Structures are given as C-alpha cells and as structure tokens.
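*Asks:* Sharing upload.tsv below, TSV, C-alpha atoms (C1' of nucleotides):
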chain	number	residue	atom	x	y	z
A	1	MET	CA	-3.35	33.82	-93.49
A	2	GLU	CA	-4.57	35.98	-90.70
A	3	THR	CA	-7.78	36.59	-92.61
A	4	ALA	CA	-9.21	33.29	-91.47
A	5	ALA	CA	-7.72	33.48	-88.00
A	6	GLU	CA	-9.78	36.50	-86.92
A	7	LYS	CA	-12.55	34.29	-85.58
A	8	THR	CA	-14.73	35.64	-82.80
A	9	PRO	CA	-12.25	35.74	-80.06
A	10	ALA	CA	-13.55	37.80	-77.20
A	11	ARG	CA	-14.75	37.42	-73.69
A	12	TRP	CA	-17.92	39.47	-73.66
A	13	GLU	CA	-19.69	36.96	-75.88
A	14	SER	CA	-21.24	35.14	-72.98
A	15	LEU	CA	-22.41	38.17	-71.05
A	16	PRO	CA	-26.17	38.08	-70.61
A	17	SER	CA	-26.49	41.67	-71.79
A	18	TRP	CA	-24.57	40.84	-74.95
A	19	LEU	CA	-26.53	37.65	-75.60
A	20	LEU	CA	-29.76	39.56	-75.14
A	21	ALA	CA	-28.69	42.31	-77.49
A	22	GLN	CA	-27.61	39.89	-80.20
A	23	THR	CA	-30.56	37.55	-79.99
A	24	ALA	CA	-32.92	40.50	-79.90
A	25	HIS	CA	-31.23	41.80	-83.01
A	26	HIS	CA	-31.77	38.51	-84.79
A	27	ALA	CA	-35.36	38.40	-83.59
A	28	GLN	CA	-36.06	41.90	-84.78
A	29	ARG	CA	-34.55	41.09	-88.16
A	30	LEU	CA	-36.71	37.99	-88.49
A	31	VAL	CA	-39.87	39.83	-87.55
A	32	ALA	CA	-39.13	42.86	-89.66
A	33	ASP	CA	-38.38	40.68	-92.66
A	34	GLY	CA	-41.53	38.69	-92.10
A	35	PHE	CA	-43.67	41.77	-91.86
A	36	SER	CA	-42.03	43.51	-94.78
A	37	SER	CA	-42.84	40.49	-96.94
A	38	VAL	CA	-46.46	41.55	-96.61
A	39	GLY	CA	-45.59	45.23	-96.75
A	40	ALA	CA	-45.94	46.01	-93.08
A	41	ARG	CA	-43.94	47.21	-90.10
A	42	GLY	CA	-43.91	46.02	-86.53
A	43	TYR	CA	-45.79	49.01	-85.25
A	44	HIS	CA	-48.49	48.44	-87.85
A	45	TYR	CA	-49.22	45.17	-86.17
A	46	ARG	CA	-49.28	46.70	-82.74
A	47	LEU	CA	-51.66	49.41	-83.85
A	48	LEU	CA	-54.05	47.10	-85.64
A	49	ALA	CA	-54.04	44.62	-82.77
A	50	THR	CA	-54.71	47.34	-80.23
A	51	LEU	CA	-57.56	48.67	-82.33
A	52	GLU	CA	-59.11	45.25	-82.59
A	53	GLU	CA	-58.77	44.65	-78.90
A	54	PHE	CA	-60.01	48.03	-77.67
A	55	GLY	CA	-62.02	49.42	-80.50
A	56	PRO	CA	-61.77	52.93	-81.94
A	57	ALA	CA	-59.72	55.44	-80.02
A	58	SER	CA	-57.99	58.78	-80.30
A	59	GLN	CA	-54.44	58.80	-81.60
A	60	ALA	CA	-53.11	59.65	-78.17
A	61	ALA	CA	-54.92	56.83	-76.39
A	62	LEU	CA	-53.99	54.43	-79.15
A	63	GLY	CA	-50.37	55.42	-78.90
A	64	ARG	CA	-50.29	54.94	-75.15
A	65	ARG	CA	-51.89	51.54	-75.36
A	66	SER	CA	-49.65	50.27	-78.10
A	67	GLY	CA	-46.48	51.80	-76.70
A	68	ILE	CA	-45.86	54.15	-79.59
A	69	HIS	CA	-44.71	57.67	-79.02
A	70	LEU	CA	-47.26	60.36	-79.80
A	71	SER	CA	-44.82	62.02	-82.14
A	72	ASP	CA	-44.58	58.90	-84.24
A	73	MET	CA	-48.31	58.28	-84.46
A	74	VAL	CA	-49.00	60.72	-87.24
A	75	ALA	CA	-46.82	58.98	-89.76
A	76	ALA	CA	-47.87	55.52	-88.62
A	77	ILE	CA	-51.57	56.28	-88.89
A	78	ASN	CA	-50.97	57.90	-92.26
A	79	GLU	CA	-49.35	54.73	-93.55
A	80	LEU	CA	-52.27	52.62	-92.40
A	81	ALA	CA	-54.89	55.10	-93.55
A	82	ASP	CA	-53.30	55.38	-97.00
A	83	ARG	CA	-53.88	51.67	-97.39
A	84	LYS	CA	-57.42	51.87	-96.02
A	85	LEU	CA	-56.58	49.57	-93.13
A	86	VAL	CA	-57.68	52.19	-90.70
A	87	GLU	CA	-59.96	55.19	-90.74
A	88	ARG	CA	-59.21	58.61	-89.36
A	89	ALA	CA	-62.23	60.69	-88.54
A	90	PRO	CA	-62.65	63.82	-86.43
A	91	ASP	CA	-64.30	63.21	-83.09
A	92	PRO	CA	-67.57	65.20	-83.00
A	93	SER	CA	-67.59	65.27	-79.22
A	94	ASP	CA	-64.06	66.63	-78.90
A	95	ARG	CA	-62.72	68.55	-81.80
A	96	ARG	CA	-59.12	68.13	-80.70
A	97	ARG	CA	-59.34	64.45	-81.35
A	98	ASN	CA	-59.24	62.16	-84.31
A	99	VAL	CA	-60.96	58.85	-83.85
A	100	ILE	CA	-59.10	55.98	-85.42
A	101	SER	CA	-61.00	52.84	-86.26
A	102	LEU	CA	-60.20	49.53	-87.86
A	103	THR	CA	-61.63	48.79	-91.30
A	104	ALA	CA	-62.62	45.37	-92.58
A	105	ALA	CA	-59.50	45.29	-94.72
A	106	GLY	CA	-57.53	46.22	-91.63
A	107	GLY	CA	-58.92	43.23	-89.78
A	108	ARG	CA	-57.97	40.90	-92.61
A	109	HIS	CA	-54.52	42.40	-92.77
A	110	LEU	CA	-54.13	41.90	-89.04
A	111	ARG	CA	-54.87	38.21	-89.38
A	112	ARG	CA	-52.21	37.90	-92.06
A	113	LEU	CA	-49.72	39.66	-89.81
A	114	GLU	CA	-50.52	37.39	-86.91
A	115	LYS	CA	-49.84	34.37	-89.03
A	116	GLN	CA	-46.53	35.81	-90.17
A	117	LEU	CA	-45.64	36.66	-86.62
A	118	ALA	CA	-46.31	33.14	-85.42
A	119	GLU	CA	-44.02	31.75	-88.09
A	120	CYS	CA	-41.29	34.15	-87.05
A	121	GLN	CA	-41.53	33.08	-83.43
A	122	ASP	CA	-41.07	29.55	-84.61
A	123	ASP	CA	-38.02	30.40	-86.67
A	124	LEU	CA	-36.63	32.34	-83.78
A	125	LEU	CA	-36.99	29.49	-81.32
A	126	ALA	CA	-36.18	26.77	-83.82
A	127	PRO	CA	-33.27	25.22	-81.90
A	128	LEU	CA	-35.24	24.92	-78.66
A	129	SER	CA	-37.60	22.19	-77.52
A	130	PRO	CA	-41.13	23.15	-76.49
A	131	GLU	CA	-40.20	22.96	-72.80
A	132	GLU	CA	-37.14	25.09	-73.37
A	133	ARG	CA	-39.18	27.66	-75.26
A	134	GLN	CA	-41.58	27.80	-72.37
A	135	ARG	CA	-38.74	28.19	-69.91
A	136	LEU	CA	-37.05	30.93	-71.88
A	137	THR	CA	-40.26	32.86	-72.28
A	138	GLU	CA	-40.98	32.65	-68.60
A	139	LEU	CA	-37.50	33.77	-67.59
A	140	LEU	CA	-37.60	36.71	-69.96
A	141	ALA	CA	-41.05	37.68	-68.75
A	142	ARG	CA	-39.81	37.74	-65.18
A	143	LEU	CA	-36.84	39.87	-66.11
A	144	LEU	CA	-38.99	42.28	-68.03
A	145	ASP	CA	-41.55	42.55	-65.29
A	146	HIS	CA	-38.87	43.27	-62.74
A	147	HIS	CA	-37.30	46.06	-64.76
A	148	ASN	CA	-40.59	47.53	-65.83
A	149	ARG	CA	-41.54	47.96	-62.20
A	150	ARG	CA	-38.18	49.46	-61.37
A	151	THR	CA	-38.27	52.09	-64.08
A	152	GLY	CA	-41.94	52.94	-64.36
A	153	THR	CA	-43.69	50.83	-66.93
A	154	PRO	CA	-43.71	52.32	-70.42
A	155	GLU	CA	-47.50	52.08	-70.60
A	156	GLU	CA	-48.10	54.19	-67.52
A	157	PRO	CA	-45.52	56.94	-67.84
A	158	ARG	CA	-46.20	59.05	-64.75
A	159	ARG	CA	-49.44	59.54	-62.93
B	160	MET	CA	-61.18	57.89	-65.45
B	161	GLU	CA	-59.79	56.21	-68.48
B	162	THR	CA	-56.40	57.65	-67.72
B	163	ALA	CA	-55.70	54.96	-65.16
B	164	ALA	CA	-57.48	52.23	-67.07
B	165	GLU	CA	-55.11	52.23	-70.04
B	166	LYS	CA	-52.97	49.55	-68.44
B	167	THR	CA	-50.87	47.36	-70.71
B	168	PRO	CA	-53.58	45.38	-72.32
B	169	ALA	CA	-52.25	43.67	-75.37
B	170	ARG	CA	-51.51	40.26	-76.61
B	171	TRP	CA	-48.06	40.57	-78.10
B	172	GLU	CA	-46.54	41.09	-74.66
B	173	SER	CA	-45.68	37.45	-74.25
B	174	LEU	CA	-44.17	36.91	-77.69
B	175	PRO	CA	-40.56	35.80	-77.40
B	176	SER	CA	-39.47	38.38	-79.96
B	177	TRP	CA	-41.13	41.13	-77.95
B	178	LEU	CA	-39.74	39.91	-74.65
B	179	LEU	CA	-36.29	39.78	-76.17
B	180	ALA	CA	-36.56	43.26	-77.58
B	181	GLN	CA	-37.76	44.74	-74.31
B	182	THR	CA	-35.33	42.97	-72.04
B	183	ALA	CA	-32.50	43.78	-74.41
B	184	HIS	CA	-33.55	47.39	-74.26
B	185	HIS	CA	-33.43	47.39	-70.47
B	186	ALA	CA	-30.09	45.62	-70.56
B	187	GLN	CA	-28.64	48.11	-72.97
B	188	ARG	CA	-29.89	50.98	-70.82
B	189	LEU	CA	-28.30	49.48	-67.73
B	190	VAL	CA	-24.98	48.90	-69.43
B	191	ALA	CA	-24.91	52.26	-71.17
B	192	ASP	CA	-25.71	54.05	-67.92
B	193	GLY	CA	-23.08	52.07	-66.08
B	194	PHE	CA	-20.45	52.87	-68.66
B	195	SER	CA	-21.40	56.50	-68.96
B	196	SER	CA	-20.95	56.88	-65.21
B	197	VAL	CA	-17.24	56.40	-65.88
B	198	GLY	CA	-17.37	58.35	-69.12
B	199	ALA	CA	-17.30	55.43	-71.52
B	200	ARG	CA	-19.35	53.77	-74.21
B	201	GLY	CA	-20.03	50.12	-74.86
B	202	TYR	CA	-17.78	49.99	-77.89
B	203	HIS	CA	-14.96	51.50	-75.85
B	204	TYR	CA	-15.05	48.43	-73.69
B	205	ARG	CA	-15.09	46.11	-76.65
B	206	LEU	CA	-12.14	47.87	-78.23
B	207	LEU	CA	-10.05	47.95	-75.10
B	208	ALA	CA	-10.85	44.33	-74.28
B	209	THR	CA	-9.97	43.21	-77.79
B	210	LEU	CA	-6.71	45.11	-77.63
B	211	GLU	CA	-5.79	43.54	-74.32
B	212	GLU	CA	-6.65	40.09	-75.58
B	213	PHE	CA	-4.96	40.28	-78.99
B	214	GLY	CA	-2.44	43.02	-78.62
B	215	PRO	CA	-1.83	45.88	-81.04
B	216	ALA	CA	-3.61	45.70	-84.38
B	217	SER	CA	-4.62	47.73	-87.36
B	218	GLN	CA	-7.94	49.55	-87.19
B	219	ALA	CA	-9.47	47.18	-89.68
B	220	ALA	CA	-8.44	44.03	-87.85
B	221	LEU	CA	-9.48	45.55	-84.56
B	222	GLY	CA	-12.86	46.45	-85.95
B	223	ARG	CA	-13.46	42.97	-87.30
B	224	ARG	CA	-12.50	41.35	-84.04
B	225	SER	CA	-14.62	43.59	-81.91
B	226	GLY	CA	-17.58	43.65	-84.24
B	227	ILE	CA	-17.40	47.34	-85.03
B	228	HIS	CA	-17.92	48.61	-88.53
B	229	LEU	CA	-14.83	50.00	-90.20
B	230	SER	CA	-16.64	53.25	-90.84
B	231	ASP	CA	-17.22	53.73	-87.16
B	232	MET	CA	-13.68	52.97	-86.08
B	233	VAL	CA	-12.21	56.37	-86.82
B	234	ALA	CA	-14.39	58.21	-84.35
B	235	ALA	CA	-14.17	55.45	-81.75
B	236	ILE	CA	-10.37	55.36	-81.86
B	237	ASN	CA	-10.27	59.13	-81.76
B	238	GLU	CA	-12.30	59.16	-78.57
B	239	LEU	CA	-9.99	56.66	-76.93
B	240	ALA	CA	-6.84	58.28	-78.27
B	241	ASP	CA	-7.94	61.72	-77.06
B	242	ARG	CA	-8.04	60.30	-73.56
B	243	LYS	CA	-4.68	58.53	-73.99
B	244	LEU	CA	-6.26	55.13	-73.42
B	245	VAL	CA	-4.97	53.97	-76.74
B	246	GLU	CA	-2.17	54.92	-79.09
B	247	ARG	CA	-2.41	55.37	-82.83
B	248	ALA	CA	0.85	54.99	-84.71
B	249	PRO	CA	1.59	54.44	-88.38
B	250	ASP	CA	2.68	50.92	-89.24
B	251	PRO	CA	6.23	51.11	-90.64
B	252	SER	CA	5.83	47.80	-92.48
B	253	ASP	CA	2.60	48.79	-94.23
B	254	ARG	CA	2.01	52.44	-94.71
B	255	ARG	CA	-1.70	51.98	-95.24
B	256	ARG	CA	-2.12	50.92	-91.67
B	257	ASN	CA	-2.30	52.51	-88.30
B	258	VAL	CA	-1.32	50.31	-85.44
B	259	ILE	CA	-3.49	50.77	-82.39
B	260	SER	CA	-2.13	49.76	-79.03
B	261	LEU	CA	-3.35	49.83	-75.46
B	262	THR	CA	-1.69	52.26	-73.05
B	263	ALA	CA	-1.22	51.64	-69.36
B	264	ALA	CA	-4.04	54.04	-68.63
B	265	GLY	CA	-6.15	52.14	-71.11
B	266	GLY	CA	-5.54	48.93	-69.22
B	267	ARG	CA	-6.56	50.54	-65.95
B	268	HIS	CA	-9.66	51.97	-67.58
B	269	LEU	CA	-10.55	48.55	-68.93
B	270	ARG	CA	-10.45	47.08	-65.46
B	271	ARG	CA	-12.82	49.76	-64.22
B	272	LEU	CA	-15.17	49.03	-67.10
B	273	GLU	CA	-15.13	45.32	-66.40
B	274	LYS	CA	-16.10	45.95	-62.83
B	275	GLN	CA	-18.96	48.19	-63.94
B	276	LEU	CA	-20.06	45.63	-66.45
B	277	ALA	CA	-20.17	42.86	-63.88
B	278	GLU	CA	-22.38	44.99	-61.66
B	279	CYS	CA	-24.70	45.65	-64.54
B	280	GLN	CA	-25.08	41.97	-65.29
B	281	ASP	CA	-26.03	41.48	-61.71
B	282	ASP	CA	-28.63	44.23	-61.81
B	283	LEU	CA	-29.95	42.83	-65.03
B	284	LEU	CA	-30.40	39.33	-63.66
B	285	ALA	CA	-31.42	40.45	-60.19
B	286	PRO	CA	-34.76	38.62	-60.08
B	287	LEU	CA	-33.26	35.27	-61.11
B	288	SER	CA	-31.60	32.61	-59.01
B	289	PRO	CA	-28.09	31.47	-59.93
B	290	GLU	CA	-29.47	28.34	-61.61
B	291	GLU	CA	-31.98	30.37	-63.55
B	292	ARG	CA	-29.30	32.79	-64.67
B	293	GLN	CA	-27.25	29.89	-65.88
B	294	ARG	CA	-30.21	28.44	-67.72
B	295	LEU	CA	-31.15	31.69	-69.37
B	296	THR	CA	-27.60	32.32	-70.50
B	297	GLU	CA	-27.35	28.87	-71.97
B	298	LEU	CA	-30.65	29.13	-73.83
B	299	LEU	CA	-29.74	32.51	-75.26
B	300	ALA	CA	-26.33	31.24	-76.29
B	301	ARG	CA	-27.92	28.38	-78.17
B	302	LEU	CA	-30.33	30.69	-79.93
B	303	LEU	CA	-27.56	33.06	-80.88
B	304	ASP	CA	-25.32	30.31	-82.13
B	305	HIS	CA	-28.09	28.89	-84.27
B	306	HIS	CA	-28.88	32.19	-85.92
B	307	ASN	CA	-25.27	33.19	-86.32
B	308	ARG	CA	-24.67	30.05	-88.32
B	309	ARG	CA	-27.75	30.61	-90.41
B	310	THR	CA	-26.87	34.14	-91.41
B	311	GLY	CA	-23.10	34.06	-91.61
B	312	THR	CA	-21.54	35.06	-88.35
B	313	PRO	CA	-20.86	38.77	-88.07
B	314	GLU	CA	-17.18	38.13	-87.38
B	315	GLU	CA	-16.53	36.28	-90.60
B	316	PRO	CA	-18.51	38.29	-93.14
B	317	ARG	CA	-17.83	36.53	-96.42
B	318	ARG	CA	-14.73	34.67	-97.46
C	319	DC	C1'	-67.92	83.15	-66.98
C	320	DC	C1'	-63.31	83.67	-67.69
C	321	DG	C1'	-58.60	82.86	-67.55
C	322	DT	C1'	-55.25	79.20	-66.68
C	323	DA	C1'	-53.94	74.71	-67.28
C	324	DA	C1'	-54.08	70.54	-69.66
C	325	DT	C1'	-54.74	67.65	-73.83
C	326	DC	C1'	-54.51	66.63	-78.77
C	327	DG	C1'	-52.37	66.41	-83.25
C	328	DT	C1'	-48.49	67.80	-85.73
C	329	DT	C1'	-43.82	69.13	-87.22
C	330	DA	C1'	-39.07	69.26	-86.63
C	331	DG	C1'	-34.99	67.89	-84.61
C	332	DT	C1'	-31.75	64.78	-81.56
C	333	DG	C1'	-29.10	60.66	-80.37
C	334	DC	C1'	-27.83	56.05	-80.93
C	335	DC	C1'	-26.64	52.19	-83.69
C	336	DA	C1'	-25.37	49.70	-87.61
C	337	DC	C1'	-24.82	50.02	-92.21
C	338	DC	C1'	-23.45	51.37	-97.43
C	339	DA	C1'	-20.90	54.22	-100.96
C	340	DA	C1'	-17.07	56.38	-102.39
C	341	DC	C1'	-12.33	57.92	-102.45
C	342	DG	C1'	-7.19	58.47	-102.25
C	343	DA	C1'	-3.34	56.10	-100.75
C	344	DT	C1'	-0.92	52.04	-100.51
C	345	DT	C1'	0.26	47.19	-101.12
C	346	DC	C1'	-0.32	42.45	-103.07
C	347	DG	C1'	-0.49	38.93	-106.63
C	348	DT	C1'	0.94	37.33	-110.74
D	349	DA	C1'	4.06	46.43	-114.30
D	350	DC	C1'	-0.68	46.48	-113.75
D	351	DG	C1'	-5.13	45.27	-111.96
D	352	DA	C1'	-7.22	43.77	-107.71
D	353	DA	C1'	-7.56	44.14	-103.00
D	354	DT	C1'	-6.89	46.52	-98.44
D	355	DC	C1'	-6.70	50.50	-95.33
D	356	DG	C1'	-8.27	54.75	-93.28
D	357	DT	C1'	-11.47	58.30	-93.80
D	358	DT	C1'	-15.64	61.03	-94.80
D	359	DG	C1'	-20.33	61.48	-95.52
D	360	DG	C1'	-24.75	59.80	-95.87
D	361	DT	C1'	-28.90	56.41	-94.85
D	362	DG	C1'	-32.44	54.11	-92.13
D	363	DG	C1'	-34.62	52.38	-88.01
D	364	DC	C1'	-35.94	53.52	-83.52
D	365	DA	C1'	-37.23	56.13	-79.52
D	366	DC	C1'	-37.28	60.35	-77.68
D	367	DT	C1'	-37.59	65.85	-76.69
D	368	DA	C1'	-39.13	70.52	-77.85
D	369	DA	C1'	-42.27	73.50	-79.48
D	370	DC	C1'	-46.67	75.20	-81.30
D	371	DG	C1'	-51.62	76.09	-82.59
D	372	DA	C1'	-56.01	74.51	-81.68
D	373	DT	C1'	-59.25	72.96	-78.48
D	374	DT	C1'	-61.25	71.63	-74.17
D	375	DA	C1'	-61.60	71.27	-68.95
D	376	DC	C1'	-61.48	73.30	-64.55
D	377	DG	C1'	-61.24	76.46	-60.40
D	378	DG	C1'	-62.49	80.52	-58.48
As structure tokens, please, write out the structure in this file.

*Replies:*
Amino acid sequence: METAAEKTPARWESLPSWLLAQTAHHAQRLVADGFSSVGARGYHYRLLATLEEFGPASQAALGRRSGIHLSDMVAAINELADRKLVERAPDPSDRRRNVISLTAAGGRHLRRLEKQLAECQDDLLAPLSPEERQRLTELLARLLDHHNRRTGTPEEPRR
Amino acid sequence: METAAEKTPARWESLPSWLLAQTAHHAQRLVADGFSSVGARGYHYRLLATLEEFGPASQAALGRRSGIHLSDMVAAINELADRKLVERAPDPSDRRRNVISLTAAGGRHLRRLEKQLAECQDDLLAPLSPEERQRLTELLARLLDHHNRRTGTPEEPRR
DNA sequence: CCGTAATCGTTAGTGCCACCAACGATTCGT
DNA sequence: ACGAATCGTTGGTGGCACTAACGATTACGG
C-alpha cells in the first residue's frame, strides 16, 4: 500500500539549483547516449570542433581551448588517434610538443557528431516553443557569464 | 603572445545542453560550498528535510523519498547519526528495518541548512530580475517534468 | 653561456556522484 | 511451509574534473 504512496513529496524540487542539476543530468544523458550511438564521447566532439576551428595545435593548447584538463588529454587523444580521426606528430620546432591535427575522417566524423548533437538539443527542448527555447538559452547564458566572471573563467585559468 | 589569445573561442558554448551543464556545475559548487561551511553535504539536507516532512521511516523508504540510492544510505545515515542529528533504532515490528528519526538537534541543523540554501539560490540567480528568475524556474520545471515522464521518474522506479 | 624557471606530455591518484551486484537476515504471500 | 520479495550492508564500477609528481625540453635573465 505504501509502495505507491511514496511519490515525490519534497520541497526542494522547485529550487533553481535542484532544477538545474536535474535538467542538466537529463541533458547529459541525452547527449551522451546520442554520441555513444556513433561511438563517441562528448569531449571527442569538443576536441574535433576545436581542431577544425583553430587548426593543428599542441595538446596543451588544444586542452585549454576545449576546456579539457591536460591530464585527461593523453587518453582522449589516444582514443581519437586510434580511430585515425586525429593525427599526433612531434613538433619539429619544439620537441616538447606533439602537434595534433584533424584528419579527413575526423572532419567527417565531426559532421556526424554535429548532426547528432542538434537532434539531442531538440529532444532536450522538446516541450518548449521556439520563443521559450530562445528565452531559456538567453537566461542560462547570462547566468553562466555572470558566474564565469566571478570565479575566473575556465578558459583563462590565471594570468 | 598566444597565451592571452586563447580566449574561449568555440561554437558549442551556446548549446542548451552545454549551458545547462555549466550553470548546473556552478550551482552545485555554490550549494556544496554553502553547505560545507556548516559542515554538511547536499544529501544531508535532503535526508533531514524528508524526515521532517514525513516523519520517521526505514532507510529504504527514506532513500526512495529523498532520491538517494539504497547503497549510499548507510554511510549518509552514519554521518548524521554520528553527529546526533538523526537516530537509528531497530524497528520492533519488522526486524529487517531500522527506523530513522529526526532529533531536536537535527531539526535545528535543518533550519540552518535551509537558510544557507536560500542564500545560495540568491547568489545563483543574482544577475536575474525577479520576473526572470520566475521564468527560468518555470521553464526548467517544465523541461524536468517532461523528461521525468519520458524516462520513468526517479522516485517511482518500476512498479 | 649557463643555471633557473617554465612548459609539455604523461602517469597515477583523489573526490564526488550515482549506480549495480551480491549477500545474510528477515518477512510476506499463498 | 516454502519461494519470492524486502531490508541493510559491503564492495565495486564508471564518469567527470581535478591535484601531484616527474622526466624531458625549451626559454630567459644575468
């Protein structure tokens, strides 16, 4: 009897921080599922997109631009390099560096990921009208901008 | 020279899923910091609040109501019980169960946490006007509701 | 030109969060 | 009475973001 009565009875359910956490969780699940259906991870997309936008770069620069910790770059690049989506070559002008560059296959893969990603955004925002989607995005962007300023943006750690 | 030029130049920054993830991350940091300043964790609040709202319950029921996995309840209850915020007693009518109940100190602690939490929400939403806060909350609630229905709400796993 | 400092790639380990698997003990349903 | 289900508990997994440390290499100031 009490099995069915244990609904969702609590008062923190309408707290903005809770709503953000839960919706973000759903969003991340949607995106991760979408990516994994083509055998990729979220950070794969970020890396490939950054490479396409900025061209070849060292692992460190690439990591900074795409918001991935240096310590996690090795494995990430390995995964992409194993699938020939990316090329790792020593930099002749600085032997500390590896230069990572996008392959043709990597570019094609990126386009597939972008398509997937767009579908996920649509699933995510399904219950909202176009105007509402716009409004939500704008509000979130303002929040994010505010807090990024307050706590030193992740892309520019400390100068 | 390029050190300063590595701004935040990427195109996924305005994706709803990304904005959600980032803002949720900030929110979680704010809340966790706020709680830890009074020596608590987020799930402590959820447990204490659920206890106050529903009264004493078994660990399993408590976990379901507050959205905490059964496997994680032992440690969580231990932490609260060690600080006398909660009492663990065997249920005489069902010897499988422990009955968890809120102590007076637990109630006082809960009030402190609620105050903290309210401040955090305010910090989180600082850049938004009251109407905008309302709007954001409502949009997020609709999103969450939609996806909770789609994927079986976390509170009612499978009947 | 040389030593100190900084950067790069890499490995290993931490902390948090949510989850699954398994188990002994107990109780429920029939 | 017996099999199925529930409860508390332990231990382990996986994703994510981060710190610490280290060898190799390069840059810089005196």

*Asks:* At a cut-off of 8 Å, list the chain A residues touching chain D, using only C-alpha atoms (C1' of nucleotides), as a ChimeraX atom specification.

*Replies:* /A:69,94-96

*Asks:* Set the distance at 8 Å and use all atoms listed in the file: which residues neighbour B:Leu244 once local chain neighbours fewer than 5 positions away are removed? I'd like the list as a VMD selection string.

*Replies:* chain B and resid 239 261 to 266 268

*Asks:* Output as a PyMOL selection string the set of chain C residues within 10 Å of chain A, with distances taken over only C-alpha atoms (C1' of nucleotides).

*Replies:* chain C and resi 325-329

*Asks:* Hey, can you check how far atom CA of B:Gln280 sits from atom CA of B:Gln293?

*Replies:*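 Those two atoms sit 12.3 Å apart.
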
*Asks:* Would you pick out the contacts of B:Leu303 at 10 Å or less, using only C-alpha atoms (C1' of nucleotides), so that residues sharing its chain but fewer than 4 positions from it are not included, and give the list as a list in words?

*Replies:*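 Returned residues: Leu19, Leu20, Ala21, Gln22, Thr23, Ala24, His25, His26, Ala27, Leu124 and Pro127 of chain A; Glu297, Leu298, Leu299, Asn307, Arg308, Arg309 and Thr312 of chain B.
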
*Asks:* For B:Gln275, list every protein, DNA or RNA residue within 12 Å, evaluated using all atoms listed in the file, and leave out those in the same chain fewer than 2 positions away; present the list as a list in words.

*Replies:*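 Here the answer would be Leu189, Val190, Ala191, Asp192, Gly193, Phe194, Ser195, Ser196, Val197, Gly198, Ala199, Arg200, Gly201, Tyr204, His268, Leu269, Arg270, Arg271, Leu272, Glu273, Ala277, Glu278, Cys279, Gln280, Asp281 and Asp282 of chain B.
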
*Asks:* In terms of the shortest atom-to-atom distance over only C-alpha atoms, which of B:Arg188, B:Lys274, B:Ala240, B:Leu295 is closest to chain A?

*Replies:* B:Leu295

*Asks:* Could you state the separation of atom CA of B:Arg247 and atom CA of B:Ala216 in Å, given to one decimal place?

*Replies:*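 Rounded to one decimal, the two atoms are 9.9 Å apart.
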
*Asks:* Distance atom CA of B:Glu238-atom CA of B:Thr209, one decimal place?

*Replies:* 16.1 Å

*Asks:* Tell me which of A:Pro92, A:Ala126, A:Ile100, A:Glu131 sits closest to chain B, counting only C-alpha atoms.

*Replies:* A:Ala126

*Asks:* Taking into account only C-alpha atoms, which residue in the set A:Ala89, A:Val99, A:Ile68, A:Leu117 is nearest to chain B?

*Replies:* A:Leu117

*Asks:* Which is closest to chain B among A:Leu48, A:Ala76, A:Arg65, A:Pro90, if we use all atoms listed in the file?

*Replies:* A:Arg65

*Asks:* Let me have the centre and edge lengths in Å, one decimal, of the box along x, y and z around every listed atom of stretch 352-371 of chain D with 5 Å of margin on each side, as lines of an AutoDock Vina configuration file.

*Replies:*
center_x = -29.2
center_y = 59.9
center_z = -92.2
size_x = 54.9
size_y = 42.3
size_z = 41.0
